[in-house]
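Source file: model.csv. Holds: CSV, C-alpha atoms and all ligand atoms.
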chain,number,residue,atom,x,y,z
V,1,MET,CA,0.0,0.0,0.0
V,2,MET,CA,1.2,3.5,-0.8
V,3,SER,CA,1.5,5.8,2.2
V,4,ASN,CA,0.2,9.4,2.1
V,5,ILE,CA,3.7,10.8,2.1
V,6,HIS,CA,4.8,8.5,-0.8
V,7,ASN,CA,1.8,9.6,-2.8
V,8,CYS,CA,3.1,13.2,-2.3
V,9,LEU,CA,6.8,12.5,-2.8
V,10,ILE,CA,6.5,10.0,-5.7
V,11,ASN,CA,3.1,10.6,-7.4
V,12,LYS,CA,3.4,14.4,-6.7
V,13,ASP,CA,-0.2,14.5,-5.4
V,14,VAL,CA,-1.2,18.1,-5.0
V,15,GLU,CA,-4.6,17.4,-3.4
V,16,TYR,CA,-3.6,16.1,0.0
V,17,ASN,CA,-1.0,17.7,2.3
V,18,PRO,CA,0.6,15.1,4.5
V,19,ILE,CA,1.9,16.4,7.9
V,20,TRP,CA,4.6,15.5,10.3
V,21,PHE,CA,7.0,17.5,12.5
V,22,MET,CA,10.8,17.5,12.9
V,23,ARG,CA,11.4,16.7,16.6
V,24,GLN,CA,7.8,15.5,17.0
V,25,ALA,CA,9.2,13.0,19.5
V,26,GLY,CA,11.0,15.1,22.0
V,27,ARG,CA,11.2,17.5,24.9
V,28,TYR,CA,8.0,19.4,24.4
V,29,LEU,CA,6.1,16.2,25.3
V,30,PRO,CA,5.7,15.5,29.1
V,31,GLU,CA,5.6,11.7,28.4
V,32,PHE,CA,9.1,12.1,26.8
V,33,ARG,CA,10.5,14.1,29.6
V,34,LYS,CA,9.3,11.5,32.1
V,35,ILE,CA,11.3,8.8,30.3
V,36,ARG,CA,14.3,11.1,29.8
V,37,GLN,CA,14.5,11.9,33.5
V,38,LEU,CA,14.9,8.3,34.3
V,39,ASN,CA,17.5,7.9,31.5
V,40,LYS,CA,20.2,10.4,31.9
V,41,ASP,CA,22.5,8.9,29.3
V,42,PHE,CA,21.0,10.2,26.0
V,43,THR,CA,23.0,7.9,23.6
V,44,LYS,CA,22.1,4.9,25.7
V,45,LEU,CA,18.5,5.9,25.5
V,46,CYS,CA,18.7,6.1,21.7
V,47,LEU,CA,20.2,2.6,21.8
V,48,ASN,CA,17.5,1.1,23.9
V,49,LYS,CA,15.2,-0.6,21.3
V,50,ASP,CA,12.1,-0.7,23.5
V,51,LEU,CA,12.3,2.8,24.8
V,52,SER,CA,13.3,4.2,21.4
V,53,SER,CA,10.2,2.6,19.8
V,54,GLU,CA,8.0,3.8,22.7
V,55,ILE,CA,9.2,7.4,22.3
V,56,THR,CA,8.8,7.2,18.5
V,57,LEU,CA,5.1,6.2,19.0
V,58,GLN,CA,4.4,8.8,21.7
V,59,PRO,CA,3.4,11.6,19.2
V,60,MET,CA,1.5,9.0,17.1
V,61,LYS,CA,-0.8,8.2,20.1
V,62,ARG,CA,-1.6,11.9,20.7
V,63,PHE,CA,-1.9,13.2,17.1
V,64,ASP,CA,-3.1,12.2,13.7
V,65,LEU,CA,0.3,12.5,11.9
V,66,ASP,CA,1.2,10.9,8.5
V,67,ALA,CA,4.6,9.7,9.7
V,68,ALA,CA,6.5,8.6,12.7
V,69,ILE,CA,10.3,9.5,12.7
V,70,ILE,CA,12.5,7.0,14.5
V,71,PHE,CA,13.8,8.3,17.9
V,72,SER,CA,17.5,8.3,17.4
V,73,ASP,CA,20.2,11.0,16.7
V,74,ILE,CA,22.5,11.9,13.8
V,75,LEU,CA,25.4,11.9,16.3
V,76,LEU,CA,25.1,8.1,16.9
V,77,ILE,CA,27.3,7.7,13.8
V,78,PRO,CA,30.4,9.5,15.3
V,79,HIS,CA,29.5,7.9,18.6
V,80,VAL,CA,29.8,4.4,17.4
V,81,LEU,CA,32.9,5.3,15.3
V,82,GLY,CA,34.7,6.0,18.5
V,83,GLN,CA,33.9,9.6,19.3
V,84,THR,CA,31.8,9.2,22.4
V,85,VAL,CA,29.0,11.7,22.5
V,86,ASN,CA,27.7,13.2,25.8
V,87,PHE,CA,24.9,15.6,26.5
V,88,PHE,CA,25.7,17.5,29.7
V,89,ASN,CA,22.5,19.1,31.2
V,90,GLY,CA,21.0,21.0,28.3
V,91,GLN,CA,24.3,22.2,26.9
V,92,GLY,CA,24.2,20.5,23.6
V,93,PRO,CA,26.4,17.6,22.5
V,94,SER,CA,30.0,17.2,23.4
V,95,LEU,CA,32.2,14.7,21.5
V,96,LYS,CA,35.5,13.1,22.3
V,97,THR,CA,38.3,14.7,20.2
V,98,PHE,CA,38.6,13.3,16.7
V,99,ASP,CA,41.4,10.8,16.2
V,100,MET,CA,42.2,9.7,12.7
V,101,ASP,CA,43.7,6.3,13.8
V,102,ILE,CA,40.5,5.5,15.7
V,103,PHE,CA,38.4,6.7,12.8
V,104,LYS,CA,40.3,4.5,10.3
V,105,SER,CA,40.1,1.5,12.5
V,106,ASN,CA,36.3,1.1,12.0
V,107,ASN,CA,34.4,-1.2,9.6
V,108,LEU,CA,30.8,-1.9,8.6
V,109,GLU,CA,30.5,-4.9,10.9
V,110,ILE,CA,31.4,-2.8,13.9
V,111,LEU,CA,28.8,-0.2,12.9
V,112,GLU,CA,26.1,-2.8,12.3
V,113,LYS,CA,26.6,-4.5,15.6
V,114,LYS,CA,26.7,-1.2,17.6
V,115,LEU,CA,23.6,0.2,15.8
V,116,SER,CA,21.6,-3.0,15.9
V,117,PRO,CA,19.2,-1.6,18.5
V,118,VAL,CA,18.2,1.1,16.1
V,119,TYR,CA,17.2,-1.5,13.5
V,120,SER,CA,15.3,-3.6,16.1
V,121,SER,CA,13.5,-0.4,17.2
V,122,LEU,CA,12.4,0.2,13.6
V,123,ASN,CA,11.2,-3.4,13.2
V,124,LEU,CA,9.2,-3.1,16.5
V,125,THR,CA,7.7,0.3,15.5
V,126,ARG,CA,6.8,-0.8,12.0
V,127,LYS,CA,4.7,-3.7,13.4
V,128,LYS,CA,2.7,-1.3,15.6
V,129,LEU,CA,2.2,1.5,13.0
V,130,ASP,CA,-0.9,1.8,10.8
V,131,LYS,CA,0.0,0.8,7.1
V,132,LYS,CA,-1.0,4.3,5.8
V,133,LYS,CA,1.7,5.9,8.0
V,134,SER,CA,5.3,6.3,7.0
V,135,LEU,CA,8.2,5.4,9.2
V,136,ILE,CA,11.0,7.9,8.5
V,137,SER,CA,14.6,7.1,9.2
V,138,PHE,CA,17.4,9.7,8.9
V,139,VAL,CA,21.1,10.4,8.8
V,140,GLY,CA,23.1,13.6,9.2
V,141,ALA,CA,24.9,14.7,6.0
V,142,PRO,CA,28.7,14.4,6.2
V,143,TRP,CA,29.4,18.2,6.5
V,144,THR,CA,27.0,18.5,9.5
V,145,LEU,CA,28.6,15.5,11.2
V,146,LEU,CA,32.1,17.0,10.6
V,147,VAL,CA,31.0,20.2,12.3
V,148,TYR,CA,30.4,18.2,15.5
V,149,MET,CA,33.3,15.7,14.9
V,150,PHE,CA,35.9,18.6,14.5
V,151,GLY,CA,34.1,20.9,17.0
V,152,LEU,CA,33.8,23.7,14.4
V,153,LYS,CA,32.6,27.0,15.6
V,154,LYS,CA,29.0,27.6,14.5
V,155,ASP,CA,29.3,31.3,13.7
V,156,LYS,CA,28.6,32.3,10.1
V,157,LYS,CA,31.0,30.9,7.5
V,158,ASN,CA,34.2,30.5,9.6
V,159,ASN,CA,36.8,30.0,6.8
V,160,GLU,CA,39.7,29.9,9.2
V,161,ASP,CA,38.3,26.8,10.9
V,162,ILE,CA,37.8,25.1,7.6
V,163,ASP,CA,41.3,26.0,6.4
V,164,LYS,CA,42.8,24.5,9.6
V,165,ILE,CA,41.1,21.1,9.2
V,166,GLU,CA,41.7,21.1,5.4
V,167,SER,CA,45.5,21.5,6.0
V,168,LYS,CA,45.5,18.7,8.7
V,169,TYR,CA,43.3,16.1,7.1
V,170,ASN,CA,42.2,14.8,3.7
V,171,LEU,CA,38.6,15.9,4.1
V,172,LYS,CA,37.4,14.4,0.9
V,173,LYS,CA,38.5,11.0,2.1
V,174,VAL,CA,36.9,11.5,5.5
V,175,ILE,CA,33.7,12.5,3.7
V,176,ASP,CA,33.8,9.5,1.4
V,177,ASP,CA,34.3,7.2,4.4
V,178,LEU,CA,31.4,8.8,6.2
V,179,ILE,CA,29.2,8.4,3.1
V,180,LYS,CA,30.0,4.7,3.1
V,181,TYR,CA,28.9,4.4,6.7
V,182,LEU,CA,25.8,6.6,6.2
V,183,CYS,CA,24.6,4.6,3.1
V,184,PHE,CA,25.1,1.4,5.0
V,185,HIS,CA,23.1,2.8,8.0
V,186,ILE,CA,20.3,3.9,5.6
V,187,GLU,CA,20.2,0.5,3.9
V,188,LYS,CA,19.9,-1.3,7.3
V,189,GLN,CA,17.2,1.1,8.4
V,190,VAL,CA,15.2,0.6,5.2
V,191,ARG,CA,15.5,-3.2,5.5
V,192,SER,CA,14.1,-2.8,9.1
V,193,GLY,CA,10.9,-1.1,7.9
V,194,SER,CA,11.6,2.5,7.2
V,195,ASP,CA,10.1,3.7,3.9
V,196,ILE,CA,11.4,7.3,3.8
V,197,VAL,CA,14.8,8.8,4.5
V,198,GLN,CA,15.5,12.4,5.6
V,199,ILE,CA,19.0,13.7,5.3
V,200,PHE,CA,19.8,16.5,7.7
V,201,ASP,CA,22.5,19.0,6.6
V,202,SER,CA,21.6,21.4,9.5
V,203,TRP,CA,24.9,23.3,9.3
V,204,ALA,CA,25.2,23.6,5.5
V,205,GLY,CA,24.8,27.3,6.0
V,206,LEU,CA,28.4,27.5,7.4
V,207,ILE,CA,30.0,26.3,4.2
V,208,PRO,CA,31.6,29.1,2.1
V,209,GLU,CA,29.9,29.4,-1.4
V,210,ASN,CA,33.0,28.2,-3.3
V,211,LYS,CA,33.0,24.9,-1.3
V,212,LEU,CA,29.2,24.1,-1.4
V,213,ILE,CA,29.7,21.7,-4.3
V,214,ASP,CA,32.4,19.6,-2.5
V,215,TYR,CA,31.0,19.7,1.0
V,216,CYS,CA,27.2,19.9,0.5
V,217,PHE,CA,25.9,19.2,-3.0
V,218,GLU,CA,28.2,16.2,-3.9
V,219,PRO,CA,27.9,14.3,-0.6
V,220,ASN,CA,24.1,14.8,-0.5
V,221,LYS,CA,23.8,13.7,-4.1
V,222,LYS,CA,25.8,10.5,-3.4
V,223,ILE,CA,23.5,9.6,-0.5
V,224,VAL,CA,20.3,10.5,-2.5
V,225,ASN,CA,21.5,8.3,-5.4
V,226,TYR,CA,22.0,5.5,-3.0
V,227,CYS,CA,18.5,5.9,-1.7
V,228,LYS,CA,17.3,5.9,-5.4
V,229,LYS,CA,19.1,2.6,-5.8
V,230,LEU,CA,17.3,1.2,-2.8
V,231,LYS,CA,14.0,2.6,-4.2
V,232,VAL,CA,13.3,4.7,-1.1
V,233,PRO,CA,12.4,8.3,-1.5
V,234,SER,CA,14.6,10.9,0.3
V,235,ILE,CA,14.0,14.4,1.7
V,236,CYS,CA,17.0,16.7,2.0
V,237,PHE,CA,17.4,19.6,4.5
V,238,PRO,CA,20.4,21.7,3.6
V,239,LYS,CA,19.5,24.3,6.2
V,240,GLY,CA,20.8,27.9,5.8
V,241,ILE,CA,22.0,27.9,2.2
V,242,GLY,CA,19.5,30.5,1.1
V,243,LYS,CA,19.2,31.0,-2.7
V,244,ASN,CA,21.6,28.1,-3.2
V,245,TYR,CA,18.6,25.8,-2.5
V,246,SER,CA,17.7,26.2,-6.1
V,247,ASP,CA,21.0,24.8,-7.4
V,248,PHE,CA,20.8,22.1,-4.6
V,249,VAL,CA,17.5,20.8,-6.0
V,250,LYS,CA,18.8,20.9,-9.6
V,251,ILE,CA,22.0,19.0,-8.8
V,252,VAL,CA,21.0,16.7,-6.0
V,253,LYS,CA,17.5,15.8,-7.3
V,254,PRO,CA,15.9,14.5,-4.1
V,255,GLU,CA,12.2,13.6,-4.1
V,256,GLY,CA,11.6,16.1,-1.3
V,257,ILE,CA,13.2,19.3,-0.1
V,258,ASN,CA,12.7,20.7,3.4
V,259,ILE,CA,12.9,24.5,3.3
V,260,ASP,CA,14.1,26.4,6.4
V,261,TYR,CA,12.4,29.2,8.3
V,262,THR,CA,14.5,32.0,6.8
V,263,MET,CA,13.2,31.3,3.3
V,264,SER,CA,10.3,33.0,1.6
V,265,PRO,CA,7.7,30.4,0.6
V,266,ASP,CA,6.9,32.5,-2.5
V,267,TRP,CA,10.6,32.3,-3.5
V,268,ALA,CA,10.6,28.5,-2.9
V,269,LYS,CA,7.5,28.0,-5.0
V,270,LYS,CA,9.0,29.9,-7.9
V,271,ASN,CA,12.5,28.5,-7.8
V,272,LEU,CA,12.3,24.9,-6.6
V,273,LYS,CA,10.9,22.8,-9.4
V,274,ASN,CA,10.2,19.1,-10.0
V,275,VAL,CA,10.4,18.4,-6.2
V,276,CYS,CA,8.0,18.0,-3.4
V,277,ILE,CA,8.4,20.8,-0.9
V,278,GLN,CA,8.3,20.2,2.8
V,279,GLY,CA,8.2,22.5,5.9
V,280,GLY,CA,9.2,26.1,6.2
V,281,MET,CA,7.2,27.6,9.0
V,282,ASP,CA,9.2,29.1,11.8
V,283,PRO,CA,9.0,26.9,15.0
V,284,LYS,CA,9.2,30.1,17.1
V,285,ILE,CA,5.8,31.2,15.8
V,286,LEU,CA,4.3,28.1,17.7
V,287,LEU,CA,5.2,29.9,20.9
V,288,GLY,CA,2.9,32.8,20.1
V,289,ASP,CA,-0.9,33.1,20.1
V,290,GLU,CA,-3.1,30.7,18.3
V,291,LYS,CA,-4.5,33.1,15.7
V,292,GLY,CA,-1.0,34.0,14.5
V,293,VAL,CA,-0.1,30.3,14.3
V,294,LEU,CA,-3.1,29.4,12.2
V,295,ASN,CA,-2.7,32.4,9.9
V,296,GLU,CA,0.9,31.3,9.2
V,297,VAL,CA,-0.2,27.7,8.5
V,298,ASP,CA,-2.7,29.1,6.1
V,299,LYS,CA,0.0,31.1,4.4
V,300,TYR,CA,2.1,28.0,3.7
V,301,LEU,CA,-0.9,25.9,2.6
V,302,SER,CA,-2.2,28.6,0.2
V,303,THR,CA,1.3,29.4,-1.3
V,304,PHE,CA,1.8,25.7,-2.0
V,305,LYS,CA,-1.8,24.8,-2.9
V,306,ASP,CA,-1.1,23.6,-6.4
V,307,THR,CA,2.3,21.9,-5.8
V,308,PRO,CA,3.0,18.7,-3.8
V,309,TYR,CA,3.6,20.0,-0.3
V,310,ILE,CA,4.2,18.2,3.0
V,311,PHE,CA,3.4,20.3,6.0
V,312,ASN,CA,6.3,20.6,8.5
V,313,LEU,CA,8.4,23.3,10.1
V,314,GLY,CA,11.6,25.1,9.0
V,315,HIS,CA,13.4,23.4,11.9
V,316,GLY,CA,12.5,21.2,14.9
V,317,ILE,CA,9.7,21.8,17.4
V,318,LEU,CA,11.1,23.9,20.3
V,319,PRO,CA,11.1,22.4,23.8
V,320,GLN,CA,8.9,25.2,25.1
V,321,THR,CA,6.1,24.4,22.6
V,322,ASN,CA,2.7,23.6,24.0
V,323,PRO,CA,1.6,20.2,22.6
V,324,SER,CA,-2.0,21.5,22.2
V,325,ILE,CA,-0.9,23.9,19.4
V,326,ILE,CA,0.3,20.8,17.4
V,327,GLU,CA,-3.2,19.4,17.6
V,328,LYS,CA,-4.7,22.6,16.3
V,329,ILE,CA,-2.2,22.9,13.4
V,330,ILE,CA,-3.0,19.3,12.3
V,331,LYS,CA,-6.8,20.1,12.4
V,332,LYS,CA,-6.2,23.2,10.3
V,333,VAL,CA,-4.1,21.2,7.7
V,334,ARG,CA,-6.7,18.4,7.6
V,335,SER,CA,-9.6,20.8,7.0
V,336,TYR,CA,-7.9,23.1,4.5
V,337,LYS,CA,-9.8,23.8,1.3
V,338,PRO,CA,-8.1,26.1,-1.2
Q,1,LIG,O1,12.7,14.4,15.0
Q,1,LIG,C1,12.5,13.5,15.8
Q,1,LIG,O2,11.6,13.6,16.7
Q,1,LIG,C2,13.4,12.3,15.8
Q,1,LIG,C3,14.5,12.4,16.7
Q,1,LIG,C4,15.7,13.3,16.4
Q,1,LIG,C5,16.6,13.7,17.5
Q,1,LIG,N1,17.7,14.3,16.9
Q,1,LIG,C6,16.3,13.4,18.9
Q,1,LIG,C7,17.0,14.3,19.9
Q,1,LIG,C8,16.3,13.8,15.2
Q,1,LIG,C9,15.7,13.7,13.8
Q,1,LIG,C10,17.5,14.4,15.5
Q,1,LIG,C11,18.4,15.0,14.5
Q,1,LIG,C12,19.5,15.9,15.0
Q,1,LIG,N2,20.3,15.7,16.1
Q,1,LIG,C13,20.0,17.0,14.2
Q,1,LIG,C14,19.5,17.4,12.9
Q,1,LIG,C15,18.2,18.3,13.0
Q,1,LIG,C16,18.5,19.6,13.7
Q,1,LIG,O3,18.0,19.8,14.8
Q,1,LIG,O4,19.1,20.4,13.0
Q,1,LIG,C17,21.1,17.5,14.9
Q,1,LIG,C18,21.9,18.7,14.5
Q,1,LIG,C19,21.3,16.7,16.1
Q,1,LIG,C20,22.3,16.9,17.1
Q,1,LIG,C21,21.7,17.1,18.5
Q,1,LIG,N3,21.0,16.2,19.2
Q,1,LIG,C22,21.7,18.3,19.2
Q,1,LIG,C23,22.3,19.6,18.7
Q,1,LIG,C24,21.0,18.1,20.4
Q,1,LIG,C25,20.9,19.0,21.6
Q,1,LIG,C26,20.0,20.1,21.4
Q,1,LIG,C27,18.6,19.8,20.9
Q,1,LIG,O5,18.3,20.3,19.8
Q,1,LIG,O6,17.8,19.2,21.6
Q,1,LIG,C28,20.6,16.8,20.4
Q,1,LIG,C29,19.8,16.1,21.4
Q,1,LIG,C30,18.5,15.5,21.0
Q,1,LIG,N4,18.3,14.7,19.9
Q,1,LIG,C31,17.3,15.5,21.8
Q,1,LIG,C32,16.3,14.8,21.1
Q,1,LIG,C33,14.9,14.5,21.5
Q,1,LIG,C34,17.2,16.2,23.2
Q,1,LIG,C35,17.8,15.4,24.2
Q,1,LIG,C36,17.5,15.9,25.6
Q,1,LIG,O7,16.5,15.4,26.1
Q,1,LIG,O8,18.3,16.6,26.2
Kindly transcribe the structure held in the file into structure tokens.
Amino acid sequence: MMSNIHNCLINKDVEYNPIWFMRQAGRYLPEFRKIRQLNKDFTKLCLNKDLSSEITLQPMKRFDLDAAIIFSDILLIPHVLGQTVNFFNGQGPSLKTFDMDIFKSNNLEILEKKLSPVYSSLNLTRKKLDKKKSLISFVGAPWTLLVYMFGLKKDKKNNEDIDKIESKYNLKKVIDDLIKYLCFHIEKQVRSGSDIVQIFDSWAGLIPENKLIDYCFEPNKKIVNYCKKLKVPSICFPKGIGKNYSDFVKIVKPEGINIDYTMSPDWAKKNLKNVCIQGGMDPKILLGDEKGVLNEVDKYLSTFKDTPYIFNLGHGILPQTNPSIIEKIIKKVRSYKP
């Protein structure tokens, strides 16, 4: 059976707008916080197949969403490749320093073994999920993983940082090695029941223009092509690249493209062709009054009314979000008539 999101991504259905949210399983949900309180080690929680499946299904129990996204993290890849990841009380992730010898000592068998709980969690979740609903799996794109692996500063286009790591390492080789692991991880997730892949390049906006091809377009394209070989549709999220979204879509050719909250929906509609558009609305708006939220939802739905469009945000749901607003957004999307 074809899921609603497949129908949008593959058949380019313009009548029905599927809906799901980035970070729909997370800290804005009291039932997540309860589990999180009892599980202080975040990566361990991601690698607990039963709890990961339970958390994945939490938003599905509350809301009528078109997809579940597996509860995991993009940083599990560097974690299992030897750069232990820690989350110290709300400070964001901290990784053990990159060590080329450790990085090179890995292989696919090690990765498969260490990530096997993710695959079991997907299998468990797929069994419990309605057939019409998609089960989304994901990876971080190589550049975004490198930002964490090398501890790059996250201020705008820090060329010095990049020059430093380029002079120290063969970055293209590191990226190609990462692509090998990411594609393997995708294949395993798809074989375990995932039917859509999202590729998060959350820090693509830090890449200097003249390096976008090497560090963003090419790596994303290799991963998208691998998904095509597996016959699984993919959605890319090269956050922060502004007008370069247009070249991204032409070169990488994913089935879906998630626009970020800095982009004008009108610009996206005009410039992103032959692709299903997803997301865009600023998650900060969800912290404001209901009327403002619903007006904004309306703006996205009417802008994209005659193109295939999956409703989502321009980045993840913020922890301060009241879950009741999610319910209201879904109702609005479901009842929308252009
Ligand atoms: O979307 C979902 O509900 C699925 C689960 C998911 C998580 N992380 C769980 C999580 C997904 C898709 C991710 C992706 C992810 N992780 C990205 C790409 C998307 C983006 O946000 O740009 C990135 C950059 C990360 C790395 C990461 N993980 C950071 C920076 C942080 C800390 C700050 C934050 O945003 O929460 C995490 C931790 C994390 N990953 C949490 C969750 C639910 C919060 C953990 C906690 O309870 O403290």
Have a look at V:Asn312, V:Ser105, V:Ser264, V:Asn17 and name the one nearest to ligand LIG 1 (chain Q); count all atoms listed in the file.
V:Asn312
Counting only C-alpha atoms and all ligand atoms, which residues in chain V sit no more than 6 Å from ligand LIG 1 (chain Q)? For each one, give the nearest pair of atoms and the distance in Å, sorted by chain then residue number, as CSV.
residue,atom,partner,partner_atom,distance
V:Met22,CA,Q:LIG1,O1,4.2
V:Arg23,CA,Q:LIG1,O1,3.1
V:Gln24,CA,Q:LIG1,O2,4.3
V:Ala25,CA,Q:LIG1,O2,3.7
V:Gly26,CA,Q:LIG1,C33,4.0
V:Arg27,CA,Q:LIG1,O7,5.8
V:Ile69,CA,Q:LIG1,C2,5.2
V:Ile70,CA,Q:LIG1,C2,5.5
V:Phe71,CA,Q:LIG1,C3,4.3
V:Ser72,CA,Q:LIG1,C3,5.1
V:Asp73,CA,Q:LIG1,N1,4.1
V:Ile74,CA,Q:LIG1,N2,5.0
V:Leu75,CA,Q:LIG1,C20,5.9
V:Gly90,CA,Q:LIG1,O8,5.6
V:Gly92,CA,Q:LIG1,C25,4.1
V:Pro93,CA,Q:LIG1,C25,5.7
V:Phe200,CA,Q:LIG1,C14,5.3
V:Ser202,CA,Q:LIG1,O4,4.4
V:Gly316,CA,Q:LIG1,O3,5.7
Which residues are near Asn274 of chain V? Cut-off 9 Å, only C-alpha atoms, ignore same chain within fewer than 6 positions. Put them as an MDAnalysis selection string.
chainID V and resid 12 249:250 253 255
Using all atoms listed in the file, which residues sit within 12 Å of Val174 of chain V once same-chain residues fewer than 6 positions away are excluded, as a VMD selection string?
chain V and resid 78 98 to 101 103 to 104 142 to 143 145 to 146 149 to 150 165 to 166 168 180 to 181 215 219
The residue from V:Leu301, V:Leu152, V:Leu47, V:Val197 with the smallest atom-to-atom distance to Ile5 of chain V, counting only C-alpha atoms, is V:Val197
Please identify all polymer residues within 9 Å of Leu294 of chain V, counting all atoms listed in the file, omitting same-chain residues fewer than 6 positions from it, and present them as a PyMOL selection string.
chain V and resi 328-329+332
Distance query Asp298 of chain V at most 12 Å, only C-alpha atoms, self and fewer than 2 positions along chain excluded, as number ranges by chain
V: 265, 281, 291-296, 300-305, 311, 329-338
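One distance worth recording is that between atom CA of Ile310 of chain V and atom CA of Ser53 of chain V, which is 23.7 Å.
Minimum distance to Lys239 of chain V across V:Cys216, V:Cys227, V:Val252, V:Cys276 (counting all atoms listed in the file) occurs at V:Cys216.
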Neighbour residues at most 8 Å from (17.8, -6.4, 22.2) (all atoms listed in the file) as a PyMOL selection string
chain V and resi 48-49+117+120
For atom CA of Thr97 of chain V and atom CA of Gly151 of chain V, quote the distance in Å rounded to one decimal.
8.1 Å
